[in-house]
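What's in run13.txt: compact mmCIF, N, CA and C atoms
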```
# COMPACT_ATOMS: atom_id res chain seq x y z
N MET A 13 0.85 -1.17 0.00
CA MET A 13 0.00 0.00 0.00
C MET A 13 0.90 1.24 0.00
N THR A 14 0.49 2.25 -0.72
CA THR A 14 1.25 3.49 -0.82
C THR A 14 0.97 4.41 0.37
N VAL A 15 2.03 4.95 0.97
CA VAL A 15 1.90 5.91 2.07
C VAL A 15 2.40 7.26 1.54
N THR A 16 1.53 8.26 1.61
CA THR A 16 1.85 9.61 1.16
C THR A 16 1.74 10.56 2.33
N TRP A 17 2.67 11.49 2.42
CA TRP A 17 2.64 12.52 3.47
C TRP A 17 2.27 13.85 2.83
N THR A 18 1.35 14.59 3.46
CA THR A 18 1.03 15.93 2.97
C THR A 18 2.24 16.83 3.20
N GLU A 19 2.31 17.89 2.46
CA GLU A 19 3.41 18.84 2.62
C GLU A 19 3.43 19.41 4.04
N ARG A 20 2.27 19.66 4.58
CA ARG A 20 2.18 20.19 5.95
C ARG A 20 2.80 19.21 6.96
N ALA A 21 2.47 17.93 6.82
CA ALA A 21 3.01 16.91 7.73
C ALA A 21 4.53 16.79 7.57
N LEU A 22 5.01 16.81 6.33
CA LEU A 22 6.46 16.73 6.10
C LEU A 22 7.19 17.95 6.68
N ASP A 23 6.60 19.12 6.51
CA ASP A 23 7.21 20.33 7.08
C ASP A 23 7.27 20.26 8.59
N ARG A 24 6.23 19.76 9.19
CA ARG A 24 6.19 19.63 10.66
C ARG A 24 7.26 18.65 11.13
N TYR A 25 7.40 17.50 10.44
CA TYR A 25 8.44 16.54 10.79
C TYR A 25 9.83 17.18 10.62
N ALA A 26 10.02 17.93 9.56
CA ALA A 26 11.31 18.60 9.34
C ALA A 26 11.63 19.56 10.48
N ASP A 27 10.62 20.24 11.00
CA ASP A 27 10.83 21.14 12.15
C ASP A 27 11.34 20.36 13.35
N PHE A 28 10.75 19.19 13.61
CA PHE A 28 11.21 18.36 14.74
C PHE A 28 12.63 17.88 14.52
N TYR A 29 12.94 17.50 13.29
CA TYR A 29 14.27 16.99 12.96
C TYR A 29 15.33 18.07 13.16
N VAL A 30 15.07 19.25 12.65
CA VAL A 30 16.03 20.36 12.77
C VAL A 30 16.21 20.76 14.23
N ALA A 31 15.14 20.72 15.00
CA ALA A 31 15.20 21.13 16.42
C ALA A 31 15.86 20.08 17.31
N ALA A 32 16.02 18.86 16.81
CA ALA A 32 16.60 17.78 17.62
C ALA A 32 18.07 18.07 17.90
N VAL A 33 18.43 18.10 19.18
CA VAL A 33 19.82 18.40 19.56
C VAL A 33 20.44 17.34 20.46
N ALA A 34 19.64 16.54 21.11
CA ALA A 34 20.17 15.51 22.01
C ALA A 34 20.88 14.43 21.19
N PRO A 35 21.94 13.84 21.74
CA PRO A 35 22.64 12.77 21.02
C PRO A 35 21.68 11.64 20.64
N GLY A 36 21.71 11.27 19.37
CA GLY A 36 20.88 10.18 18.89
C GLY A 36 19.45 10.55 18.59
N GLU A 37 19.04 11.77 18.91
CA GLU A 37 17.63 12.15 18.73
C GLU A 37 17.21 12.12 17.25
N ARG A 38 18.06 12.62 16.38
CA ARG A 38 17.73 12.61 14.95
C ARG A 38 17.65 11.18 14.42
N ASP A 39 18.60 10.34 14.85
CA ASP A 39 18.55 8.93 14.44
C ASP A 39 17.26 8.28 14.91
N GLU A 40 16.82 8.60 16.12
CA GLU A 40 15.57 8.05 16.65
C GLU A 40 14.38 8.49 15.80
N LEU A 41 14.37 9.76 15.38
CA LEU A 41 13.27 10.26 14.54
C LEU A 41 13.26 9.55 13.18
N VAL A 42 14.43 9.33 12.61
CA VAL A 42 14.50 8.64 11.32
C VAL A 42 14.01 7.20 11.46
N ARG A 43 14.45 6.51 12.51
CA ARG A 43 13.99 5.13 12.74
C ARG A 43 12.47 5.09 12.93
N CYS A 44 11.95 6.07 13.65
CA CYS A 44 10.51 6.12 13.91
C CYS A 44 9.73 6.32 12.61
N ILE A 45 10.15 7.26 11.78
CA ILE A 45 9.46 7.52 10.52
C ILE A 45 9.54 6.30 9.60
N THR A 46 10.69 5.65 9.58
CA THR A 46 10.84 4.45 8.76
C THR A 46 9.86 3.37 9.21
N GLU A 47 9.75 3.16 10.51
CA GLU A 47 8.83 2.16 11.05
C GLU A 47 7.37 2.56 10.81
N ILE A 48 7.06 3.83 10.98
CA ILE A 48 5.69 4.30 10.72
C ILE A 48 5.31 4.02 9.26
N ASN A 49 6.17 4.38 8.33
CA ASN A 49 5.87 4.15 6.91
C ASN A 49 5.74 2.66 6.61
N ARG A 50 6.62 1.84 7.17
CA ARG A 50 6.57 0.40 6.93
C ARG A 50 5.26 -0.20 7.44
N ARG A 51 4.89 0.15 8.65
CA ARG A 51 3.69 -0.44 9.24
C ARG A 51 2.41 0.11 8.62
N LEU A 52 2.39 1.39 8.27
CA LEU A 52 1.21 1.94 7.60
C LEU A 52 1.03 1.30 6.23
N ALA A 53 2.11 1.01 5.55
CA ALA A 53 2.03 0.40 4.22
C ALA A 53 1.50 -1.03 4.29
N SER A 54 1.71 -1.70 5.42
CA SER A 54 1.30 -3.10 5.49
C SER A 54 -0.10 -3.31 6.07
N ASP A 55 -0.48 -2.53 7.08
CA ASP A 55 -1.79 -2.77 7.69
C ASP A 55 -2.28 -1.56 8.50
N PRO A 56 -2.67 -0.49 7.85
CA PRO A 56 -3.03 0.74 8.56
C PRO A 56 -4.32 0.67 9.35
N TRP A 57 -5.19 -0.30 9.08
CA TRP A 57 -6.50 -0.35 9.74
C TRP A 57 -6.41 -0.80 11.20
N PHE A 58 -5.34 -1.46 11.57
CA PHE A 58 -5.24 -2.01 12.92
C PHE A 58 -4.26 -1.26 13.80
N LEU A 59 -3.77 -0.12 13.34
CA LEU A 59 -2.86 0.70 14.13
C LEU A 59 -3.63 1.84 14.78
N GLY A 60 -3.29 2.17 15.99
CA GLY A 60 -3.85 3.34 16.65
C GLY A 60 -5.34 3.25 16.92
N GLU A 61 -5.97 4.42 16.83
CA GLU A 61 -7.39 4.57 17.19
C GLU A 61 -8.17 5.21 16.06
N SER A 62 -9.39 4.78 15.88
CA SER A 62 -10.28 5.37 14.90
C SER A 62 -10.75 6.73 15.39
N ARG A 63 -10.80 7.70 14.49
CA ARG A 63 -11.32 9.03 14.80
C ARG A 63 -12.36 9.44 13.77
N GLY A 64 -13.03 8.47 13.24
CA GLY A 64 -14.05 8.72 12.23
C GLY A 64 -14.02 7.59 11.21
N PRO A 65 -14.85 7.67 10.20
CA PRO A 65 -14.97 6.57 9.25
C PRO A 65 -13.65 6.17 8.57
N ASP A 66 -12.85 7.14 8.17
CA ASP A 66 -11.62 6.83 7.44
C ASP A 66 -10.38 7.47 8.08
N ARG A 67 -10.51 8.00 9.28
CA ARG A 67 -9.42 8.74 9.92
C ARG A 67 -8.94 8.00 11.15
N ARG A 68 -7.60 7.95 11.33
CA ARG A 68 -7.01 7.26 12.47
C ARG A 68 -5.88 8.09 13.06
N VAL A 69 -5.61 7.84 14.34
CA VAL A 69 -4.49 8.47 15.04
C VAL A 69 -3.67 7.35 15.65
N TRP A 70 -2.34 7.43 15.47
CA TRP A 70 -1.45 6.39 15.97
C TRP A 70 -0.29 7.04 16.72
N PHE A 71 -0.10 6.64 17.96
CA PHE A 71 1.01 7.11 18.77
C PHE A 71 2.13 6.07 18.68
N HIS A 72 3.22 6.45 18.06
CA HIS A 72 4.41 5.60 17.94
C HIS A 72 5.58 6.46 18.41
N ALA A 73 5.84 6.41 19.71
CA ALA A 73 6.82 7.30 20.34
C ALA A 73 8.15 7.26 19.60
N PRO A 74 8.70 8.44 19.36
CA PRO A 74 8.35 9.74 19.93
C PRO A 74 7.41 10.58 19.07
N LEU A 75 6.68 9.94 18.14
CA LEU A 75 5.79 10.69 17.26
C LEU A 75 4.36 10.18 17.35
N MET A 76 3.45 11.04 16.89
CA MET A 76 2.04 10.71 16.72
C MET A 76 1.69 11.12 15.30
N VAL A 77 1.00 10.24 14.57
CA VAL A 77 0.56 10.58 13.23
C VAL A 77 -0.95 10.48 13.15
N GLU A 78 -1.52 11.38 12.39
CA GLU A 78 -2.96 11.34 12.08
C GLU A 78 -3.03 11.08 10.59
N TYR A 79 -3.76 10.05 10.19
CA TYR A 79 -3.80 9.68 8.78
C TYR A 79 -5.21 9.30 8.37
N VAL A 80 -5.41 9.33 7.06
CA VAL A 80 -6.70 8.96 6.49
C VAL A 80 -6.50 7.81 5.51
N LEU A 81 -7.56 7.07 5.32
CA LEU A 81 -7.59 5.95 4.38
C LEU A 81 -8.62 6.30 3.30
N PRO A 82 -8.17 6.97 2.24
CA PRO A 82 -9.11 7.40 1.20
C PRO A 82 -9.80 6.21 0.53
N PRO A 83 -11.03 6.42 0.05
CA PRO A 83 -11.77 5.34 -0.60
C PRO A 83 -11.03 4.71 -1.78
N GLY A 84 -10.19 5.47 -2.46
CA GLY A 84 -9.46 4.95 -3.61
C GLY A 84 -8.25 4.10 -3.25
N GLY A 85 -7.94 4.02 -1.96
CA GLY A 85 -6.80 3.22 -1.51
C GLY A 85 -5.65 4.08 -1.05
N GLY A 86 -4.68 3.45 -0.44
CA GLY A 86 -3.51 4.13 0.06
C GLY A 86 -3.73 4.71 1.45
N VAL A 87 -2.70 5.38 1.93
CA VAL A 87 -2.71 6.03 3.23
C VAL A 87 -2.16 7.44 3.04
N VAL A 88 -2.81 8.42 3.64
CA VAL A 88 -2.32 9.80 3.59
C VAL A 88 -2.10 10.28 5.01
N VAL A 89 -0.84 10.57 5.35
CA VAL A 89 -0.50 11.12 6.66
C VAL A 89 -0.72 12.62 6.56
N ARG A 90 -1.64 13.13 7.39
CA ARG A 90 -2.00 14.54 7.34
C ARG A 90 -1.36 15.38 8.43
N HIS A 91 -0.97 14.74 9.54
CA HIS A 91 -0.41 15.50 10.66
C HIS A 91 0.55 14.63 11.44
N VAL A 92 1.60 15.24 11.95
CA VAL A 92 2.55 14.56 12.83
C VAL A 92 2.87 15.48 14.00
N ASN A 93 3.07 14.90 15.17
CA ASN A 93 3.41 15.68 16.35
C ASN A 93 4.37 14.88 17.21
N ARG A 94 5.09 15.55 18.09
CA ARG A 94 5.96 14.87 19.04
C ARG A 94 5.13 14.42 20.23
N THR A 95 5.47 13.27 20.78
CA THR A 95 4.82 12.80 22.01
C THR A 95 5.74 13.13 23.17
N LYS A 96 5.23 12.94 24.35
CA LYS A 96 6.02 13.19 25.56
C LYS A 96 6.92 12.01 25.89
N GLY A 97 6.88 10.96 25.08
CA GLY A 97 7.66 9.76 25.35
C GLY A 97 6.76 8.62 25.73
N GLY A 98 7.33 7.55 26.20
CA GLY A 98 6.54 6.40 26.61
C GLY A 98 6.57 5.32 25.56
N PRO A 99 5.97 4.19 25.85
CA PRO A 99 6.02 3.05 24.95
C PRO A 99 5.17 3.24 23.70
N ASP A 100 5.47 2.44 22.72
CA ASP A 100 4.69 2.44 21.48
C ASP A 100 3.27 2.01 21.81
N ALA A 101 2.31 2.86 21.41
CA ALA A 101 0.91 2.55 21.69
C ALA A 101 0.26 1.83 20.52
N GLY A 102 1.02 1.50 19.48
CA GLY A 102 0.41 0.87 18.31
C GLY A 102 0.78 -0.53 18.27
```
I need this file expressed as structure tokens, please.
Amino acid sequence: MTVTWTERALDRYADFYVAAVAPGERDELVRCITEINRRLASDPWFLGESRGPDRRVWFHAPLMVEYVLPPGGGVVVRHVNRTKGGPDAG
């Protein structure tokens, strides 16, 4: 399944990446995004929580993504945010 990120979501992720200063923090963000894309591409319906008919929210520390499952197929990540930490909730 194809995973697409909106420009807004990519810009927001870039802001987190540039602001990362702790040792290993950028590597952690890259690993997280890689895992998010991999898992969304394989089975997006069972990750996170439903927030409407085609909209879901998934907390995968240190990030949270809000995505939609359009009727035509694929996954569109519309928003990303930093979490306060903690275990993977997906």
**Asked** So what do you get for atom CA of A:Asp39 versus atom CA of A:Asp27, distance-wise?
**Response** 14.6 Å
**Atom-to-atom span, atom CA of A:Pro35 and atom N of A:Thr16, Å** =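 We find that atom CA of A:Pro35 and atom N of A:Thr16 lie 29.0 Å from each other.
The gap separating atom C of A:Leu41 from atom N of A:Val88 is 18.7 Å, in Å to one decimal.
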**strand (DSSP E or B) per DSSP on the backbone: members of chain A, as a ChimeraX atom specification** = /A:15-17,61-62,67-72,75-80,87-94
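Between A:Arg90 and the candidates A:Leu59, A:Ala73, A:Ala21, A:Val30, the tightest atom-to-atom separation, counting all atoms listed in the file, involves A:Ala21.
Distances here use only C-alpha atoms; by that measure, the residue among A:Leu22, A:Val69, A:Val15, A:Ala32 closest to A:Glu47 is A:Val15.
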**Asked** Within 12 Å of A:Ser54, counting only C-alpha atoms, which residues qualify if same-chain residues fewer than 6 places away don't, as a list in words?
**Response**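 Listed by chain and then number, they are Met13, Thr14, Val15, Glu47, Ile48, Gly86 and Val87 of chain A.
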**Item:** Contacts of A:Met76 within 6.5 Å, only N, CA and C atoms, excl. fewer than 3 positions in-chain, as a VMD selection string
**Value:** chain A and resid 70 to 73 91 to 95
**Asked** Between A:Ile45, A:Val33, A:Val89, A:Leu75, which one has atoms that come closest to A:Thr18, using all atoms listed in the file?
**Response**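 Residue with the minimum atom-to-atom distance to A:Thr18: A:Val89.
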Once 8 Å is added on each side, what centre and edge lengths in Å to one decimal does the axis-aligned box around all listed atoms of stretch 65-78 of chain A have, as AutoDock Vina command-line options?
```
--center_x -3.1 --center_y 8.5 --center_z 13.9 --size_x 39.7 --size_y 21.8 --size_z 28.9
```
